[in-house]
Amino acid sequence: MRFGGAAGPLAPAGDPVLERAIEELTGYFGGESAPFTVPLSVRGGSEFERAVWRALWAIPYAEMRTYGQIAAAVGEPDGARAVGVACNRNPLPIIVPCHRVVGADGKMVGFGGGIWRKKVLLELEAKVRIEREFGLS
């Protein structure tokens with residue numbers, strides 16, 4: 001998982017998929033809780049990693065799962081550490097929400113973008129969810 005720094009162009013200017021991703025990420029950071037609909041095509045990763053990424057994709061906005069829960073969901077109940085590795089290799093963080101995965105005790109652990117970023121993302125989602133549920137927005 002990479003955060004920060006210029007990596008060069010990801011797609012040609014005007015690419016509709018990239019434009020949609022930018023629009024949805026802008027909405028996400030602006031407090032929209034709508035699920036990402038940008039089409040994904042991940043060709044890398046092992047079969048296990050791709051299964052983990054699909055499980056991450058299914059975590060609803062502002063909800064969390066433990067590494068153990070994800071491991072069980074992909075058929076490897078003793079694979080919590082391997083889930084952590086797969087999360088760290090997630091090529092599409094935020095869109096595939098690895099930040100929503102926490103330790104067994106609910107603590108924020110293991111985030112390739114830094115725990116402080118994980119905290120910011122979870123706080124953003126919690127704030128939006130509370131505002132929506134209580135009609136504060």
# chains A, B, ... in the order shown; residues from 1 in each chain; ligands from 1
$ residues_around --residues "Leu92 (chain A)" --least-positions-apart "4" --cutoff "12 Å" --atoms "only C-alpha atoms" --output "compact mmCIF listing (two decimals) with N, CA and C atoms, in the first residue's frame"
# COMPACT_ATOMS: atom_id res chain seq x y z
N MET A 1 0.85 -1.16 0.00
CA MET A 1 0.00 0.00 0.00
C MET A 1 0.90 1.22 0.00
N ARG A 2 0.64 2.14 -0.89
CA ARG A 2 1.44 3.36 -0.97
C ARG A 2 0.57 4.56 -0.70
N PHE A 3 1.10 5.44 0.11
CA PHE A 3 0.43 6.71 0.37
C PHE A 3 1.47 7.81 0.18
N ALA A 21 -13.25 7.40 -10.36
CA ALA A 21 -12.55 7.14 -9.09
C ALA A 21 -12.27 8.45 -8.37
N LEU A 25 -13.80 9.36 -4.78
CA LEU A 25 -12.89 9.64 -3.67
C LEU A 25 -13.11 11.04 -3.12
N PHE A 36 -18.46 2.84 -3.15
CA PHE A 36 -17.72 3.06 -4.39
C PHE A 36 -18.31 2.16 -5.47
N VAL A 38 -16.88 2.51 -8.78
CA VAL A 38 -15.89 2.48 -9.84
C VAL A 38 -15.57 1.01 -10.15
N PRO A 39 -15.54 0.64 -11.43
CA PRO A 39 -15.24 -0.76 -11.75
C PRO A 39 -13.80 -1.10 -11.39
N LEU A 40 -13.65 -2.25 -10.76
CA LEU A 40 -12.32 -2.70 -10.33
C LEU A 40 -11.85 -3.85 -11.20
N SER A 41 -10.56 -3.85 -11.43
CA SER A 41 -9.93 -4.95 -12.15
C SER A 41 -8.56 -5.16 -11.53
N VAL A 42 -8.50 -6.12 -10.61
CA VAL A 42 -7.24 -6.40 -9.93
C VAL A 42 -6.69 -7.70 -10.48
N ARG A 43 -5.57 -7.61 -11.12
CA ARG A 43 -4.96 -8.80 -11.75
C ARG A 43 -3.86 -9.39 -10.89
N GLY A 44 -3.36 -8.60 -9.94
CA GLY A 44 -2.26 -9.07 -9.11
C GLY A 44 -2.77 -9.80 -7.88
N GLY A 45 -1.84 -10.20 -7.06
CA GLY A 45 -2.16 -10.87 -5.82
C GLY A 45 -2.44 -12.35 -5.98
N ARG A 50 -6.75 -11.98 -3.16
CA ARG A 50 -7.94 -11.49 -3.86
C ARG A 50 -9.21 -11.81 -3.09
N TRP A 53 -9.38 -9.25 -0.37
CA TRP A 53 -9.79 -7.95 -0.91
C TRP A 53 -11.29 -7.91 -1.21
N ARG A 54 -11.84 -9.05 -1.69
CA ARG A 54 -13.30 -9.10 -1.91
C ARG A 54 -14.04 -8.97 -0.58
N LEU A 56 -12.95 -7.44 2.08
CA LEU A 56 -12.82 -6.05 2.51
C LEU A 56 -13.84 -5.17 1.79
N TRP A 57 -13.98 -5.39 0.50
CA TRP A 57 -14.91 -4.63 -0.33
C TRP A 57 -16.33 -4.73 0.24
N ALA A 86 -2.24 -9.48 3.47
CA ALA A 86 -3.06 -9.17 2.29
C ALA A 86 -3.57 -7.73 2.34
N CYS A 87 -3.94 -7.28 3.53
CA CYS A 87 -4.38 -5.88 3.67
C CYS A 87 -3.24 -4.93 3.31
N ASN A 88 -2.05 -5.26 3.74
CA ASN A 88 -0.89 -4.41 3.45
C ASN A 88 -0.57 -4.39 1.95
N VAL A 96 -11.03 -0.17 -1.57
CA VAL A 96 -11.13 -1.49 -0.94
C VAL A 96 -10.69 -1.24 0.50
N PRO A 97 -11.64 -1.08 1.42
CA PRO A 97 -11.41 -0.45 2.72
C PRO A 97 -10.66 -1.30 3.77
N CYS A 98 -9.38 -1.47 3.58
CA CYS A 98 -8.59 -2.21 4.55
C CYS A 98 -8.48 -1.46 5.88
N HIS A 99 -8.76 -0.16 5.87
CA HIS A 99 -8.72 0.60 7.13
C HIS A 99 -9.85 0.19 8.07
N GLY A 112 -0.78 -0.09 6.54
CA GLY A 112 0.36 0.30 5.73
C GLY A 112 0.46 1.80 5.51
N GLY A 113 -0.65 2.50 5.61
CA GLY A 113 -0.65 3.95 5.44
C GLY A 113 -0.37 4.70 6.73
$ select_by_dssp --residues "chain A" --states "alpha helix (DSSP H)" --output "NGL selection string"
:A and (16-29 or 47-57 or 67-73 or 80-88 or 115-133)
$ residues_around --residues "region 114-122 of chain A" --least-positions-apart "2" --cutoff "10 Å" --atoms "only C-alpha atoms" --output "compact mmCIF listing (two decimals) with all heavy atoms, in the first residue's frame"
# COMPACT_ATOMS: atom_id res chain seq x y z
N PHE A 3 1.10 5.44 0.11
CA PHE A 3 0.43 6.71 0.37
C PHE A 3 1.47 7.81 0.18
O PHE A 3 2.60 7.66 0.59
CB PHE A 3 -0.09 6.78 1.81
CG PHE A 3 -1.36 6.04 2.02
CD1 PHE A 3 -1.33 4.71 2.37
CD2 PHE A 3 -2.58 6.65 1.88
CE1 PHE A 3 -2.49 4.00 2.58
CE2 PHE A 3 -3.74 5.97 2.09
CZ PHE A 3 -3.70 4.64 2.44
N TYR A 28 -16.14 10.80 -1.04
CA TYR A 28 -15.83 10.09 0.20
C TYR A 28 -15.22 11.06 1.21
O TYR A 28 -15.66 11.14 2.35
CB TYR A 28 -14.89 8.93 -0.07
CG TYR A 28 -14.37 8.25 1.18
CD1 TYR A 28 -15.10 7.25 1.78
CD2 TYR A 28 -13.17 8.63 1.75
CE1 TYR A 28 -14.64 6.63 2.94
CE2 TYR A 28 -12.70 8.03 2.91
CZ TYR A 28 -13.44 7.03 3.50
OH TYR A 28 -12.98 6.44 4.65
N PHE A 29 -14.19 11.79 0.79
CA PHE A 29 -13.53 12.71 1.70
C PHE A 29 -14.40 13.92 2.03
O PHE A 29 -14.16 14.61 3.02
CB PHE A 29 -12.16 13.13 1.17
CG PHE A 29 -11.14 12.03 1.29
CD1 PHE A 29 -10.69 11.37 0.17
CD2 PHE A 29 -10.65 11.65 2.54
CE1 PHE A 29 -9.77 10.34 0.30
CE2 PHE A 29 -9.74 10.64 2.67
CZ PHE A 29 -9.29 9.96 1.54
N TYR A 61 -19.83 0.69 4.94
CA TYR A 61 -19.31 1.99 5.37
C TYR A 61 -19.47 2.15 6.87
O TYR A 61 -20.52 1.83 7.44
CB TYR A 61 -20.09 3.09 4.63
CG TYR A 61 -19.60 4.49 4.89
CD1 TYR A 61 -18.60 5.04 4.10
CD2 TYR A 61 -20.12 5.26 5.92
CE1 TYR A 61 -18.15 6.34 4.32
CE2 TYR A 61 -19.67 6.55 6.15
CZ TYR A 61 -18.69 7.08 5.35
OH TYR A 61 -18.23 8.35 5.58
N ALA A 62 -18.42 2.64 7.53
CA ALA A 62 -18.41 2.95 8.96
C ALA A 62 -18.57 1.72 9.85
O ALA A 62 -18.88 1.85 11.02
CB ALA A 62 -19.46 4.00 9.30
N GLU A 63 -18.36 0.54 9.30
CA GLU A 63 -18.34 -0.67 10.12
C GLU A 63 -16.93 -1.22 10.12
O GLU A 63 -16.13 -0.90 9.24
CB GLU A 63 -19.33 -1.70 9.59
CG GLU A 63 -20.78 -1.27 9.79
CD GLU A 63 -21.76 -2.38 9.45
OE1 GLU A 63 -21.36 -3.57 9.42
OE2 GLU A 63 -22.92 -2.05 9.22
N MET A 64 -16.66 -2.06 11.09
CA MET A 64 -15.33 -2.66 11.18
C MET A 64 -15.45 -4.17 11.32
O MET A 64 -16.47 -4.68 11.77
CB MET A 64 -14.56 -2.08 12.37
CG MET A 64 -14.23 -0.60 12.22
SD MET A 64 -13.35 0.08 13.63
CE MET A 64 -14.68 0.26 14.81
N ILE A 94 -8.65 2.49 0.59
CA ILE A 94 -9.82 3.36 0.72
C ILE A 94 -10.96 2.80 -0.13
O ILE A 94 -12.02 2.51 0.40
CB ILE A 94 -9.55 4.85 0.41
CG1 ILE A 94 -8.48 5.37 1.38
CG2 ILE A 94 -10.84 5.66 0.53
CD1 ILE A 94 -8.00 6.77 1.07
N PRO A 97 -11.64 -1.08 1.42
CA PRO A 97 -11.41 -0.45 2.72
C PRO A 97 -10.66 -1.30 3.77
O PRO A 97 -11.24 -1.72 4.77
CB PRO A 97 -12.81 -0.11 3.19
CG PRO A 97 -13.66 -1.18 2.59
CD PRO A 97 -13.04 -1.45 1.24
N CYS A 98 -9.38 -1.47 3.58
CA CYS A 98 -8.59 -2.21 4.55
C CYS A 98 -8.48 -1.46 5.88
O CYS A 98 -8.19 -2.07 6.91
CB CYS A 98 -7.21 -2.55 4.00
SG CYS A 98 -6.30 -1.15 3.35
N HIS A 99 -8.76 -0.16 5.87
CA HIS A 99 -8.72 0.60 7.13
C HIS A 99 -9.85 0.19 8.07
O HIS A 99 -9.79 0.50 9.25
CB HIS A 99 -8.80 2.11 6.84
CG HIS A 99 -10.05 2.54 6.14
ND1 HIS A 99 -10.22 2.41 4.78
CD2 HIS A 99 -11.21 3.08 6.63
CE1 HIS A 99 -11.42 2.87 4.45
NE2 HIS A 99 -12.04 3.27 5.55
N ARG A 100 -10.84 -0.54 7.59
CA ARG A 100 -11.95 -0.96 8.43
C ARG A 100 -11.66 -2.27 9.17
O ARG A 100 -12.52 -2.81 9.84
CB ARG A 100 -13.21 -1.13 7.59
CG ARG A 100 -13.69 0.20 7.00
CD ARG A 100 -14.94 0.04 6.16
NE ARG A 100 -15.24 1.31 5.50
CZ ARG A 100 -15.91 1.41 4.36
NH1 ARG A 100 -16.39 0.32 3.78
NH2 ARG A 100 -16.11 2.59 3.82
N VAL A 101 -10.43 -2.76 9.05
CA VAL A 101 -10.05 -4.00 9.73
C VAL A 101 -9.21 -3.65 10.95
O VAL A 101 -8.24 -2.90 10.86
CB VAL A 101 -9.27 -4.94 8.78
CG1 VAL A 101 -8.97 -6.26 9.47
CG2 VAL A 101 -10.06 -5.18 7.49
N VAL A 102 -9.62 -4.19 12.09
CA VAL A 102 -8.98 -3.89 13.38
C VAL A 102 -8.55 -5.18 14.06
O VAL A 102 -8.92 -6.27 13.64
CB VAL A 102 -9.93 -3.08 14.29
CG1 VAL A 102 -10.26 -1.73 13.67
CG2 VAL A 102 -11.20 -3.86 14.60
N MET A 108 -6.85 -0.31 16.84
CA MET A 108 -6.31 -0.03 15.51
C MET A 108 -4.87 -0.53 15.45
O MET A 108 -4.01 -0.03 16.18
CB MET A 108 -6.37 1.47 15.21
CG MET A 108 -7.75 1.95 14.93
SD MET A 108 -7.79 3.66 14.43
CE MET A 108 -7.76 4.42 16.03
N VAL A 109 -4.66 -1.51 14.62
CA VAL A 109 -3.33 -2.08 14.44
C VAL A 109 -3.08 -2.27 12.95
O VAL A 109 -4.00 -2.34 12.16
CB VAL A 109 -3.17 -3.43 15.17
CG1 VAL A 109 -3.28 -3.26 16.67
CG2 VAL A 109 -4.20 -4.44 14.70
N GLY A 110 -1.82 -2.34 12.59
CA GLY A 110 -1.41 -2.74 11.26
C GLY A 110 -2.08 -2.05 10.09
O GLY A 110 -3.01 -2.59 9.52
N PHE A 111 -1.60 -0.89 9.74
CA PHE A 111 -2.11 -0.21 8.56
C PHE A 111 -0.93 0.34 7.79
O PHE A 111 -0.16 1.14 8.32
CB PHE A 111 -3.07 0.91 8.97
CG PHE A 111 -3.80 1.56 7.81
CD1 PHE A 111 -4.64 0.82 7.00
CD2 PHE A 111 -3.64 2.91 7.56
CE1 PHE A 111 -5.31 1.42 5.94
CE2 PHE A 111 -4.32 3.52 6.51
CZ PHE A 111 -5.14 2.77 5.70
N GLY A 112 -0.78 -0.09 6.54
CA GLY A 112 0.36 0.30 5.73
C GLY A 112 0.46 1.80 5.51
O GLY A 112 1.53 2.33 5.25
N LEU A 124 -13.68 9.85 10.18
CA LEU A 124 -14.50 10.47 9.13
C LEU A 124 -15.77 9.66 8.92
O LEU A 124 -16.88 10.20 8.92
CB LEU A 124 -13.72 10.55 7.82
CG LEU A 124 -14.54 10.91 6.58
CD1 LEU A 124 -15.01 12.36 6.65
CD2 LEU A 124 -13.75 10.66 5.32
N GLU A 125 -15.62 8.35 8.78
CA GLU A 125 -16.79 7.50 8.54
C GLU A 125 -17.74 7.50 9.73
O GLU A 125 -18.96 7.57 9.56
CB GLU A 125 -16.33 6.08 8.21
CG GLU A 125 -15.64 6.00 6.87
CD GLU A 125 -15.24 4.59 6.47
OE1 GLU A 125 -15.66 3.61 7.13
OE2 GLU A 125 -14.49 4.46 5.49
N ALA A 126 -17.20 7.46 10.95
CA ALA A 126 -18.04 7.48 12.14
C ALA A 126 -18.82 8.79 12.23
O ALA A 126 -20.02 8.79 12.53
CB ALA A 126 -17.19 7.27 13.39
N LYS A 127 -18.16 9.89 11.96
CA LYS A 127 -18.80 11.21 12.00
C LYS A 127 -19.95 11.28 11.00
O LYS A 127 -21.06 11.70 11.33
CB LYS A 127 -17.77 12.29 11.71
CG LYS A 127 -18.34 13.71 11.66
CD LYS A 127 -17.22 14.70 11.31
CE LYS A 127 -17.72 16.11 11.20
NZ LYS A 127 -18.52 16.38 10.03
N VAL A 128 -19.69 10.84 9.77
CA VAL A 128 -20.72 10.88 8.73
C VAL A 128 -21.89 9.98 9.12
O VAL A 128 -23.06 10.35 8.98
CB VAL A 128 -20.13 10.48 7.36
CG1 VAL A 128 -21.22 10.27 6.32
CG2 VAL A 128 -19.13 11.53 6.89
$ atom_distance --atom1 "CA of Arg81 (chain A)" --atom2 "CA of Ala58 (chain A)"
19.5 Å
$ closest_residue --among "A:Leu136, A:Ile59, A:Ile95, A:Ala82" --to "Ile22 (chain A)" --atoms "only C-alpha atoms"
A:Ile95
$ atom_distance --atom1 "CA of Glu19 (chain A)" --atom2 "CA of Arg89 (chain A)"
23.8 Å
$ closest_residue --among "A:Pro60, A:Gly79, A:Gly14, A:Pro91" --to "Phe48 (chain A)" --atoms "only C-alpha atoms"
A:Gly79
